[in-house]
file model03.cif (mmCIF, C-alpha atoms)
data_target
#
loop_
_atom_site.label_atom_id
_atom_site.label_comp_id
_atom_site.auth_asym_id
_atom_site.auth_seq_id
_atom_site.Cartn_x
_atom_site.Cartn_y
_atom_site.Cartn_z
CA MET A 17 45.06 78.09 69.17
CA GLY A 18 48.54 79.59 69.32
CA THR A 19 51.21 79.20 66.73
CA ARG A 20 54.80 78.35 67.66
CA SER A 21 57.36 80.79 66.39
CA THR A 22 59.99 79.23 64.18
CA ASN A 23 62.45 82.13 64.47
CA MET A 24 65.93 81.10 65.63
CA ILE A 25 66.83 82.48 69.02
CA SER A 26 70.38 83.86 68.99
CA PRO A 27 71.77 85.07 72.30
CA ASN A 28 73.59 88.35 72.27
CA LEU A 29 77.18 87.39 73.04
CA THR A 30 78.69 90.83 72.74
CA PRO A 31 78.35 91.85 76.43
CA LEU A 32 79.68 88.47 77.49
CA LEU A 33 82.66 88.88 75.22
CA ASP A 34 83.25 92.37 76.54
CA VAL A 35 83.34 91.15 80.12
CA VAL A 36 85.62 88.23 79.26
CA LEU A 37 88.08 90.44 77.44
CA GLN A 38 88.09 92.89 80.31
CA LEU A 39 88.82 90.07 82.73
CA ILE A 40 91.66 88.87 80.53
CA THR A 41 93.10 92.37 80.45
CA PHE A 42 92.83 92.58 84.23
CA PHE A 43 94.71 89.34 84.80
CA MET A 44 97.29 90.17 82.17
CA MET A 45 98.04 93.45 83.89
CA LEU A 46 98.29 91.89 87.33
CA VAL A 47 100.46 89.00 86.29
CA HIS A 48 103.47 91.31 86.01
CA PHE A 49 103.16 92.97 89.36
CA GLY A 50 104.89 92.04 92.58
CA SER A 51 105.91 88.46 92.95
CA ARG A 52 106.70 86.70 96.14
CA LEU A 53 110.35 85.85 96.54
CA GLU A 54 111.28 82.33 97.32
CA GLY A 55 111.94 81.09 100.80
CA SER A 56 108.86 82.48 102.47
CA ASN A 57 107.61 80.71 105.55
CA ARG A 58 105.12 81.44 108.25
CA ALA A 59 107.66 81.48 111.04
CA VAL A 60 108.98 84.80 109.83
CA ARG A 61 106.94 87.99 109.87
CA LEU A 62 108.63 90.43 107.59
CA PRO A 63 109.16 94.03 108.66
CA VAL A 64 107.12 96.75 107.01
CA ALA A 65 109.21 99.44 105.39
CA PRO A 66 107.02 101.70 103.24
CA ALA A 67 110.01 103.66 101.98
CA ALA A 68 111.55 100.60 100.37
CA LEU A 69 111.76 100.85 96.62
CA PRO A 70 111.70 97.78 94.43
CA GLY A 71 115.15 96.28 94.32
CA SER A 72 117.08 95.30 91.26
CA ASP A 73 116.51 92.05 89.46
CA LEU A 74 118.01 89.15 91.27
CA THR A 75 120.45 86.86 89.59
CA PHE A 76 119.98 83.15 89.21
CA ASP A 77 122.55 82.40 91.88
CA ARG A 78 120.56 83.03 95.02
CA LEU A 79 120.67 81.73 98.52
CA PRO A 80 117.41 82.37 100.36
CA VAL A 81 117.61 82.13 104.12
CA SER A 82 115.31 83.15 106.93
CA LEU A 83 115.99 84.43 110.38
CA ASP A 84 113.30 83.83 112.94
CA GLN A 85 112.43 85.87 115.98
CA ARG A 86 114.90 84.04 118.23
CA GLY A 87 117.73 84.44 115.77
CA GLY A 88 117.61 80.93 114.39
CA LEU A 89 118.79 80.57 110.81
CA ARG A 90 116.19 78.68 108.81
CA TYR A 91 117.10 76.92 105.64
CA GLY A 92 115.40 73.96 104.07
CA GLY A 93 113.27 73.23 107.11
CA ARG A 94 116.21 73.23 109.48
CA VAL A 95 116.83 75.74 112.25
CA LEU A 96 120.48 76.47 112.91
CA LEU A 97 121.80 78.32 115.91
CA GLY A 98 125.21 79.60 116.91
CA ALA A 99 128.11 77.51 115.73
CA ALA A 100 125.89 75.38 113.52
CA ALA A 101 124.91 78.49 111.60
CA SER A 102 128.54 79.52 111.18
CA ALA A 103 129.43 76.06 109.92
CA TRP A 104 126.52 76.19 107.52
CA TRP A 105 127.73 79.47 106.01
CA ALA A 106 131.20 78.00 105.59
CA GLU A 107 129.76 74.92 103.94
CA GLN A 108 127.67 77.00 101.54
CA ALA A 109 130.66 79.13 100.61
CA LYS A 110 132.74 76.03 100.02
CA ILE A 111 130.12 74.50 97.76
CA ARG A 112 129.84 77.67 95.73
CA ARG A 113 133.58 78.11 95.41
CA ALA A 114 133.82 74.55 94.16
CA GLY A 115 131.26 75.44 91.53
CA LEU A 116 133.07 78.65 90.62
CA GLU A 117 136.24 76.72 89.77
CA LEU A 118 134.46 75.47 86.70
CA LEU A 119 133.63 78.99 85.54
CA PRO A 120 135.87 81.77 84.25
CA PRO A 121 136.79 84.38 86.87
CA GLY A 122 134.23 87.14 87.22
CA PRO A 123 134.79 90.89 87.33
CA SER A 124 135.24 90.90 91.09
CA GLY A 125 138.38 88.82 90.80
CA GLY A 126 136.92 85.61 92.09
CA ASP A 127 137.44 86.29 95.79
CA GLU A 128 133.88 87.45 96.38
CA LEU A 129 131.09 85.07 95.77
CA PRO A 130 128.56 86.25 93.19
CA THR A 131 125.73 84.64 95.13
CA VAL A 132 123.00 86.96 96.34
CA VAL A 133 121.91 86.07 99.86
CA ILE A 134 118.21 86.77 100.23
CA LEU A 135 117.56 87.32 103.90
CA ARG A 136 114.06 87.21 105.29
CA ALA A 137 114.40 88.28 108.87
CA ASP A 138 111.57 88.48 111.35
CA ARG A 139 110.50 91.98 112.28
CA ASP A 140 110.91 91.21 115.95
CA ALA A 141 114.39 89.77 115.63
CA SER A 142 117.06 92.01 117.02
CA TYR A 143 119.19 94.11 114.75
CA GLY A 144 122.24 92.61 116.41
CA THR A 145 121.21 89.13 115.32
CA VAL A 146 120.70 90.26 111.75
CA ARG A 147 124.00 92.11 111.70
CA ARG A 148 125.89 89.13 113.11
CA THR A 149 124.27 86.83 110.56
CA LEU A 150 125.31 89.12 107.75
CA ALA A 151 128.80 89.37 109.22
CA GLU A 152 129.12 85.59 109.34
CA ALA A 153 128.15 85.39 105.70
CA GLN A 154 130.52 88.23 104.89
CA GLU A 155 133.39 86.40 106.52
CA GLN A 156 132.84 83.50 104.19
CA GLY A 157 132.94 85.70 101.10
CA PHE A 158 129.30 86.54 100.52
CA ALA A 159 129.03 90.21 99.63
CA LYS A 160 125.68 90.70 97.96
CA PHE A 161 122.61 90.71 100.14
CA SER A 162 118.96 91.43 99.69
CA LEU A 163 116.82 92.18 102.69
CA VAL A 164 113.21 91.21 102.04
CA VAL A 165 110.68 93.63 103.49
CA LEU A 166 107.03 94.46 103.01
CA ARG A 167 106.03 97.78 101.53
CA ARG A 168 102.71 97.62 103.32
CA GLU A 169 101.09 95.47 105.91
CA HIS A 170 99.16 92.49 104.65
CA PRO A 171 95.42 92.89 105.19
CA MET B 19 64.96 80.45 6.86
CA SER B 20 65.24 84.19 6.63
CA PHE B 21 63.16 87.15 7.74
CA GLY B 22 63.22 88.76 4.38
CA MET B 23 65.15 91.44 2.53
CA GLY B 24 67.91 88.95 2.06
CA MET B 25 69.02 89.26 5.67
CA PRO B 26 71.01 86.33 6.83
CA ALA B 27 69.65 84.25 9.66
CA SER B 28 72.45 85.15 12.11
CA THR B 29 71.96 88.87 11.71
CA ALA B 30 68.26 88.45 12.20
CA ALA B 31 68.87 86.56 15.41
CA THR B 32 71.13 89.31 16.68
CA LEU B 33 68.62 91.92 15.95
CA GLY B 34 65.94 89.88 17.65
CA THR B 35 68.01 89.67 20.81
CA MET B 36 68.59 93.42 20.88
CA ALA B 37 64.90 93.97 20.46
CA ASP B 38 64.18 91.69 23.39
CA SER B 39 66.67 93.57 25.57
CA ALA B 40 65.15 96.89 24.72
CA ALA B 41 61.75 95.54 25.54
CA ALA B 42 62.98 94.23 28.85
CA ALA B 43 64.44 97.62 29.73
CA VAL B 44 61.18 99.34 29.14
CA ALA B 45 58.94 96.74 30.74
CA PRO B 46 58.86 96.31 34.56
CA ARG B 47 61.31 93.76 35.93
CA SER B 48 60.13 90.31 36.56
CA ARG B 49 60.06 88.94 40.14
CA ARG B 50 63.03 86.68 39.56
CA TYR B 51 65.52 89.55 39.30
CA ARG B 52 64.16 91.79 41.99
CA PRO B 53 66.96 92.26 44.58
CA GLY B 54 65.89 91.11 47.99
CA PRO B 55 66.94 92.54 51.35
CA PRO B 56 70.72 92.17 52.02
CA ASP B 57 71.72 88.99 53.75
CA GLU B 58 72.46 89.31 57.45
CA VAL B 59 76.20 89.23 58.08
CA PHE B 60 76.94 86.57 60.64
CA PHE B 61 80.13 87.06 62.61
CA PRO B 62 81.31 83.76 64.09
CA VAL B 63 81.75 84.64 67.73
CA THR B 64 82.01 81.11 69.06
CA PRO B 65 85.71 80.43 68.24
CA MET B 66 86.64 83.81 69.62
CA LEU B 67 84.71 83.10 72.78
CA ASP B 68 86.40 79.71 73.11
CA MET B 69 89.79 81.35 72.81
CA ALA B 70 88.85 84.06 75.26
CA PHE B 71 87.69 81.53 77.84
CA GLN B 72 90.88 79.54 77.46
CA LEU B 73 92.96 82.65 78.00
CA LEU B 74 90.82 83.55 80.97
CA ALA B 75 91.27 80.11 82.48
CA PHE B 76 95.02 80.32 81.95
CA PHE B 77 95.35 83.65 83.68
CA ILE B 78 93.09 82.65 86.54
CA LEU B 79 95.03 79.46 87.15
CA THR B 80 98.42 81.17 87.00
CA PHE B 81 97.32 84.20 88.95
CA LYS B 82 99.20 85.07 92.10
CA ALA B 83 97.98 87.74 94.40
CA PRO B 84 100.13 90.85 94.16
CA SER B 85 102.67 90.73 96.90
CA ALA B 86 103.83 93.67 98.91
CA GLU B 87 107.27 92.13 99.22
CA THR B 88 110.27 93.95 97.97
CA HIS B 89 113.95 93.66 98.66
CA ILE B 90 116.63 96.12 99.62
CA ASP B 91 119.96 95.44 98.00
CA LEU B 92 123.02 95.66 100.18
CA TYR B 93 126.57 95.36 99.01
CA LEU B 94 128.77 94.38 101.92
CA PRO B 95 132.26 93.55 100.73
CA ALA B 96 133.89 90.77 102.66
CA THR B 97 136.77 91.64 104.89
CA PRO B 98 140.06 90.83 103.14
CA ALA B 99 141.42 88.86 106.09
CA ALA B 100 138.56 86.41 105.91
CA LEU B 101 138.91 85.71 102.25
CA PRO B 102 140.84 82.73 100.97
CA SER B 103 144.23 83.51 99.57
CA GLY B 104 144.80 83.94 95.88
CA PRO B 105 146.91 81.58 93.80
CA ARG B 106 150.16 83.12 95.05
CA GLY B 107 149.10 83.55 98.63
CA GLN B 108 147.90 87.11 98.28
CA ALA B 109 144.33 88.23 98.36
CA ARG B 110 143.59 90.51 95.47
CA PRO B 111 141.84 93.66 96.70
CA SER B 112 138.97 94.74 94.53
CA PRO B 113 138.44 98.43 93.72
CA SER B 114 135.41 98.53 95.96
CA ARG B 115 137.56 97.54 98.88
CA ALA B 116 139.98 100.37 98.14
CA ILE B 117 137.06 102.76 98.28
CA ASP B 118 135.86 101.11 101.43
CA ALA B 119 139.03 102.12 103.24
CA ASP B 120 137.94 105.73 102.93
CA LEU B 121 135.68 105.70 105.93
CA GLU B 122 135.80 109.42 106.55
CA ASN B 123 133.47 110.12 103.67
CA ASP B 124 130.78 107.86 105.07
CA LEU B 125 127.82 109.47 106.74
CA LEU B 126 127.10 108.01 110.12
CA VAL B 127 123.54 107.20 111.03
CA ARG B 128 123.16 106.21 114.64
CA ALA B 129 120.07 104.53 115.98
CA GLU B 130 119.49 104.08 119.66
CA ALA B 131 116.96 101.68 121.10
CA ASP B 132 114.90 101.79 124.24
CA ASP B 133 114.40 98.84 126.56
CA LEU B 134 111.70 97.35 124.34
CA GLY B 135 113.89 97.50 121.26
CA ASP B 136 112.02 100.36 119.65
CA LEU B 137 113.75 103.30 118.09
CA LYS B 138 114.46 105.94 120.71
CA ALA B 139 116.78 108.37 118.99
CA LEU B 140 118.14 108.82 115.54
CA ARG B 141 121.20 110.81 114.64
CA LEU B 142 122.81 111.79 111.40
CA GLY B 143 126.39 112.32 112.32
CA GLU B 144 125.95 113.89 115.71
CA ALA B 145 122.81 115.82 114.87
CA ILE B 146 119.48 114.67 116.16
CA VAL B 147 117.03 113.73 113.45
CA PRO B 148 113.40 113.74 114.60
CA ASP B 149 112.09 110.92 112.44
CA LEU B 150 112.71 108.82 109.37
CA PRO B 151 111.11 111.18 106.82
CA ALA B 152 113.40 113.93 108.06
CA LEU B 153 116.36 111.59 107.71
CA GLY B 154 115.27 110.75 104.19
CA SER B 155 114.86 114.37 103.16
CA ARG B 156 118.27 115.29 104.53
CA LEU B 157 119.95 112.39 102.82
CA ARG B 158 118.14 113.23 99.59
CA ARG B 159 119.40 116.78 99.82
CA TYR B 160 122.96 115.53 100.31
CA THR B 161 122.77 113.24 97.33
CA GLN B 162 121.45 116.10 95.20
CA LEU B 163 124.24 118.38 96.37
CA LEU B 164 126.90 115.79 95.71
CA GLY B 165 125.59 114.99 92.27
CA ASN B 166 127.43 112.06 90.80
CA HIS B 167 129.67 111.60 93.82
CA PRO B 168 128.64 108.42 95.61
CA LEU B 169 127.37 108.86 99.12
CA ARG B 170 127.71 106.06 101.60
CA VAL B 171 126.04 105.56 104.94
CA ARG B 172 127.33 103.61 107.87
CA LEU B 173 124.57 102.49 110.18
CA VAL B 174 125.52 102.15 113.81
CA ALA B 175 122.61 100.81 115.79
CA ASP B 176 122.14 99.22 119.16
CA ASP B 177 122.07 95.47 118.96
CA ARG B 178 118.85 95.32 120.93
CA LEU B 179 117.06 97.45 118.37
CA ARG B 180 114.29 95.49 116.68
CA TYR B 181 114.93 94.62 113.09
CA GLU B 182 111.84 96.43 111.81
CA PRO B 183 112.99 99.97 112.64
CA ALA B 184 116.47 99.06 111.45
CA ALA B 185 115.04 97.86 108.14
CA ARG B 186 113.09 101.10 107.85
CA ILE B 187 116.26 103.10 108.33
CA ILE B 188 118.04 101.07 105.67
CA ALA B 189 115.08 101.43 103.31
CA THR B 190 114.98 105.18 103.90
CA CYS B 191 118.68 105.48 103.10
CA SER B 192 118.28 103.37 100.01
CA ALA B 193 115.28 105.35 98.80
CA ALA B 194 117.20 108.60 99.28
CA GLY B 195 119.74 107.51 96.70
CA ILE B 196 122.47 106.30 99.00
CA THR B 197 124.65 104.01 96.96
CA SER B 198 125.93 101.94 99.82
CA VAL B 199 124.72 101.20 103.32
CA ARG B 200 127.13 99.49 105.66
CA LEU B 201 126.22 97.92 108.96
CA ALA B 202 128.77 98.70 111.61
CA GLN B 203 129.19 97.25 115.05
CA PRO B 204 128.09 99.50 117.90
CA GLY B 205 131.64 99.95 119.15
CA ALA B 206 133.25 100.21 115.74
CA ILE B 207 133.22 104.01 115.66
CA PRO B 208 135.38 105.24 118.54
CA ALA B 209 134.46 108.87 118.05
CA LEU B 210 130.85 108.12 118.79
CA ARG B 211 131.40 105.85 121.73
CA GLY B 212 129.98 107.33 124.92
CA LEU B 213 128.21 110.15 123.20
CA PRO B 214 125.35 111.37 125.36
CA PRO B 215 121.98 110.55 123.85
CA GLY B 216 120.42 113.94 124.49
CA PRO B 217 120.27 116.85 122.06
CA GLY B 218 122.91 119.48 121.75
CA ALA B 219 125.72 117.54 120.10
CA GLY B 220 126.21 119.73 117.07
CA GLY B 221 128.82 119.87 114.41
CA GLY B 222 127.67 116.83 112.52
CA ALA B 223 126.41 116.54 109.02
CA ARG B 224 123.39 118.72 108.53
#
call {"tool": "encode", "arguments": {"input": "model03.cif", "output": "structure tokens"}}
result
Amino acid sequence: MGTRSTNMISPNLTPLLDVVLQLITFFMMLVHFGSRLEGSNRAVRLPVAPAALPGSDLTFDRLPVSLDQRGGLRYGGRVLLGAAASAWWAEQAKIRRAGLELLPPGPSGGDELPTVVILRADRDASYGTVRRTLAEAQEQGFAKFSLVVLRREHP
Amino acid sequence: MSFGMGMPASTAATLGTMADSAAAAVAPRSRRYRPGPPDEVFFPVTPMLDMAFQLLAFFILTFKAPSAETHIDLYLPATPAALPSGPRGQARPSPSRAIDADLENDLLVRAEADDLGDLKALRLGEAIVPDLPALGSRLRRYTQLLGNHPLRVRLVADDRLRYEPAARIIATCSAAGITSVRLAQPGAIPALRGLPPGPGAGGGAR
């Protein structure tokens, strides 16, 4: 007749703790790496530019816009073409100038808008479309732009 | 009661105690005082494990896959004519705009497109550049030669060029240390208008 052991069984938690702490370290390290900029949408396939270095930190005053393959300006679910896009740039500049009146004049003298325009243009859009879009924004006083690109192709 | 020789009772008791201690030192120790094996040190792992799992859950829930996105900064000063007038009816030119008037110091990068919109030819000034890495190395050499002097690039590309090769050119310029990349209209540079696309046009920036 067998006897039941009364010894307490204590699981060895050390390997489990090791793995958990390694996982925490892994996620902590990755949490600081590349972050997706706002304004992404599936209608725009970003160009791949491996030479692109990480840009500077963006300010809080940002205006993310997208440019699809046909040259349509996408903002807030709307697609603007031609004169509607020009009117939209003018409206955005007017809104921001109205806001700037409440603030002290910046180092640029107040004629240039401090807003950073984040442009996500489709890789198959024409350069002419992108250039004209930037020129329209320029005419309204926007001077700071950030072109969003991919450093490598998504798998 | 005394033990004799006129010894007080307290002294006799003290002596008796000392005698007992001496006897105890000589005799083997009793079982009560024998030191047992050291107690097992128990480290409370459970709170630590709870904390670790909470941290792990936090990081897993807030985890975003690393993105390959980056952004290329462009500073394109607005044209003075398009800006609203100042308080006294005069636009105030910023220093950057005064520098911008000096177009002769800008390097010209010309990109020509084929019928499909792909990059067909690339020129730095009027010199043919075989590919983007060569453009980058040349620009990097210029920036090293110029030291602290800012070097600007004016990109003149065909409008039908796809945006992807254009973005690669801009990224190459930016990575080579070019402080400013301007996007010019195809007909904005009269000296380059009508230039034959083939090789042999020397005299440019090399």
call {"tool": "resolve_selection", "arguments": {"input": "model03.cif", "expression": "the PyMOL selection byres ((chain B) within 6 of (chain A))", "output": "PDB file with C-alpha atoms, in the coordinates of the input"}}
result
ATOM      1  CA  LEU B  74      90.820  83.550  80.970  1.00  0.00           C
ATOM      2  CA  PHE B  77      95.350  83.650  83.680  1.00  0.00           C
ATOM      3  CA  PRO B  84     100.130  90.850  94.160  1.00  0.00           C
ATOM      4  CA  SER B  85     102.670  90.730  96.900  1.00  0.00           C
ATOM      5  CA  ALA B  86     103.830  93.670  98.910  1.00  0.00           C
ATOM      6  CA  GLU B  87     107.270  92.130  99.220  1.00  0.00           C
ATOM      7  CA  THR B  88     110.270  93.950  97.970  1.00  0.00           C
ATOM      8  CA  HIS B  89     113.950  93.660  98.660  1.00  0.00           C
ATOM      9  CA  ILE B  90     116.630  96.120  99.620  1.00  0.00           C
ATOM     10  CA  ASP B  91     119.960  95.440  98.000  1.00  0.00           C
ATOM     11  CA  LEU B  92     123.020  95.660 100.180  1.00  0.00           C
ATOM     12  CA  TYR B  93     126.570  95.360  99.010  1.00  0.00           C
ATOM     13  CA  LEU B  94     128.770  94.380 101.920  1.00  0.00           C
ATOM     14  CA  PRO B  95     132.260  93.550 100.730  1.00  0.00           C
ATOM     15  CA  ALA B  96     133.890  90.770 102.660  1.00  0.00           C
ATOM     16  CA  ALA B 100     138.560  86.410 105.910  1.00  0.00           C
ATOM     17  CA  ASP B 177     122.070  95.470 118.960  1.00  0.00           C
ATOM     18  CA  ARG B 178     118.850  95.320 120.930  1.00  0.00           C
ATOM     19  CA  LEU B 179     117.060  97.450 118.370  1.00  0.00           C
ATOM     20  CA  ARG B 180     114.290  95.490 116.680  1.00  0.00           C
ATOM     21  CA  TYR B 181     114.930  94.620 113.090  1.00  0.00           C
ATOM     22  CA  GLU B 182     111.840  96.430 111.810  1.00  0.00           C
ATOM     23  CA  ARG B 186     113.090 101.100 107.850  1.00  0.00           C
ATOM     24  CA  ALA B 189     115.080 101.430 103.310  1.00  0.00           C
ATOM     25  CA  THR B 190     114.980 105.180 103.900  1.00  0.00           C
TER      26      THR B 190
END
call {"tool": "closest_residue", "arguments": {"input": "model03.cif", "among": "A:Asn57, A:Lys110, A:Asp77, A:Ile25", "to": "Gly92 (chain A)", "atoms": "only C-alpha atoms"}}
result
A:Asn57
call {"tool": "residues_around", "arguments": {"input": "model03.cif", "residues": "Leu142 (chain B)", "least_positions_apart": "2", "cutoff": "12 Å", "atoms": "all atoms listed in the file", "output": "number ranges by chain"}}
result
B: 124-130, 139-140, 144-150, 152-157, 160, 171-175, 187, 191, 210, 219-224
call {"tool": "atom_distance", "arguments": {"input": "model03.cif", "atom1": "CA of Ser82 (chain A)", "atom2": "CA of Leu97 (chain A)"}}
result
12.1 Å
call {"tool": "atom_distance", "arguments": {"input": "model03.cif", "atom1": "CA of Ala103 (chain A)", "atom2": "CA of Asp176 (chain B)"}}
result
26.0 Å
call {"tool": "closest_residue", "arguments": {"input": "model03.cif", "among": "B:Ala193, B:Val63, B:Ala75, B:Met69", "to": "Arg158 (chain B)", "atoms": "only C-alpha atoms"}}
result
B:Ala193
call {"tool": "atom_distance", "arguments": {"input": "model03.cif", "atom1": "CA of Ala83 (chain B)", "atom2": "CA of Met45 (chain A)"}}
result
12.0 Å
